[in-house]
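A short write-up of the structure that comes next.
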Amino acid sequence: MDARNEVAAGRTGSRAGQEITARGIALGAAVTVVFMAANVYMGLKTGMTFSSSIPAALIAMGALRAVGGAGVLETNIVQTQASAAGTLCNVILVLPGLVLIGHWHGFPFWETSLVCLIGGWLGVAFSIPLRRALVVEADLPYPEGVAAAEV
């Protein structure tokens, strides 16, 4: 039985039904910090970033399995956090462009940080209820989405 059928049937390991756990949030935050730092560095050096969904899913599976008692849903929240962070770090490509064209003259650090933080929280919060419709019950046409769902 693959992961999508396990989620649909409610059989997700010994932590069945638990998606948001303290260790899942902590691991997701750690993976997010590492991947965001790598993405920002790579984005500033090369002008492009990488997707963190699949590596985050693999790291989450390995780390949570080593601790024991992990389920598919708990692994999913770690992957979702890292994926949202990978998307948010693309702001490094937009902000310099706004400065270069003269549209943005100041840098309101705290306002910008708050907007990015709220955007990240909303991304994670909305992806949890949408997972069933977009991953479990959908035929995903995109290779990365299919790979992340299979992992």
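Labels used: A, B, ... for chains in the order of the structure tokens, numbers from 1 for residues in each chain, and numbers from 1 for ligands as shown.
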
Rows by chain and residue number, segment 64-142 of chain A within 6 Å of segment 50-53 of chain A, shortest pair, only C-alpha atoms, as CSV:
residue,atom,partner,partner_atom,distance
A:Gln79,CA,A:Ser53,CA,5.9
A:Ser83,CA,A:Ser53,CA,4.9
A:Gly86,CA,A:Ser52,CA,5.8

Take the residues from that selection and write them out as a short mmCIF file (atom, residue, chain, number, x, y, z; two decimals), in the first residue's frame, keeping C-alpha atoms.
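Heads up, here's the output in selection-v4.cif:
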data_model
loop_
_atom_site.label_atom_id
_atom_site.label_comp_id
_atom_site.auth_asym_id
_atom_site.auth_seq_id
_atom_site.Cartn_x
_atom_site.Cartn_y
_atom_site.Cartn_z
CA GLN A 79 8.23 18.78 4.07
CA SER A 83 8.77 23.81 0.83
CA GLY A 86 12.03 27.52 -0.21
#

- Item | Residues of segment 52-111 of chain A in alpha helix (DSSP H), written as a PyMOL selection string | chain A and resi 53-67+72-88+91-100+109-111

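Comparing the minimum interatomic distances between Leu93 of chain A and each of A:Met42, A:Leu58, A:Leu117, A:Val72, counting only C-alpha atoms, we find that A:Met42 sits nearest.
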
- Closest of A:Val91, A:Ile101, A:Leu114, A:Leu122 to Asn39 of chain A - atom-to-atom distances counting only C-alpha atoms: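 Closest residue, counting only C-alpha atoms: A:Val91.
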
- In Å, how far is it from atom CA of Leu64 of chain A to atom CA of Asn90 of chain A?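 For atom CA of Leu64 of chain A relative to atom CA of Asn90 of chain A, the distance reads 27.9 Å.
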
- Which residue gives the smallest distance to Ile59 of chain A among A:Thr46, A:Ser127, A:Thr75, A:Ser113, with only C-alpha atoms counted?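 Closest to Ile59 of chain A, using only C-alpha atoms: A:Thr75.
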
- May I have the residues within 9 Å of Met36 of chain A as a ChimeraX atom specification, using only C-alpha atoms and disregarding those fewer than 5 positions away in the same chain? /A:31,41,52,82,85-86,88-89
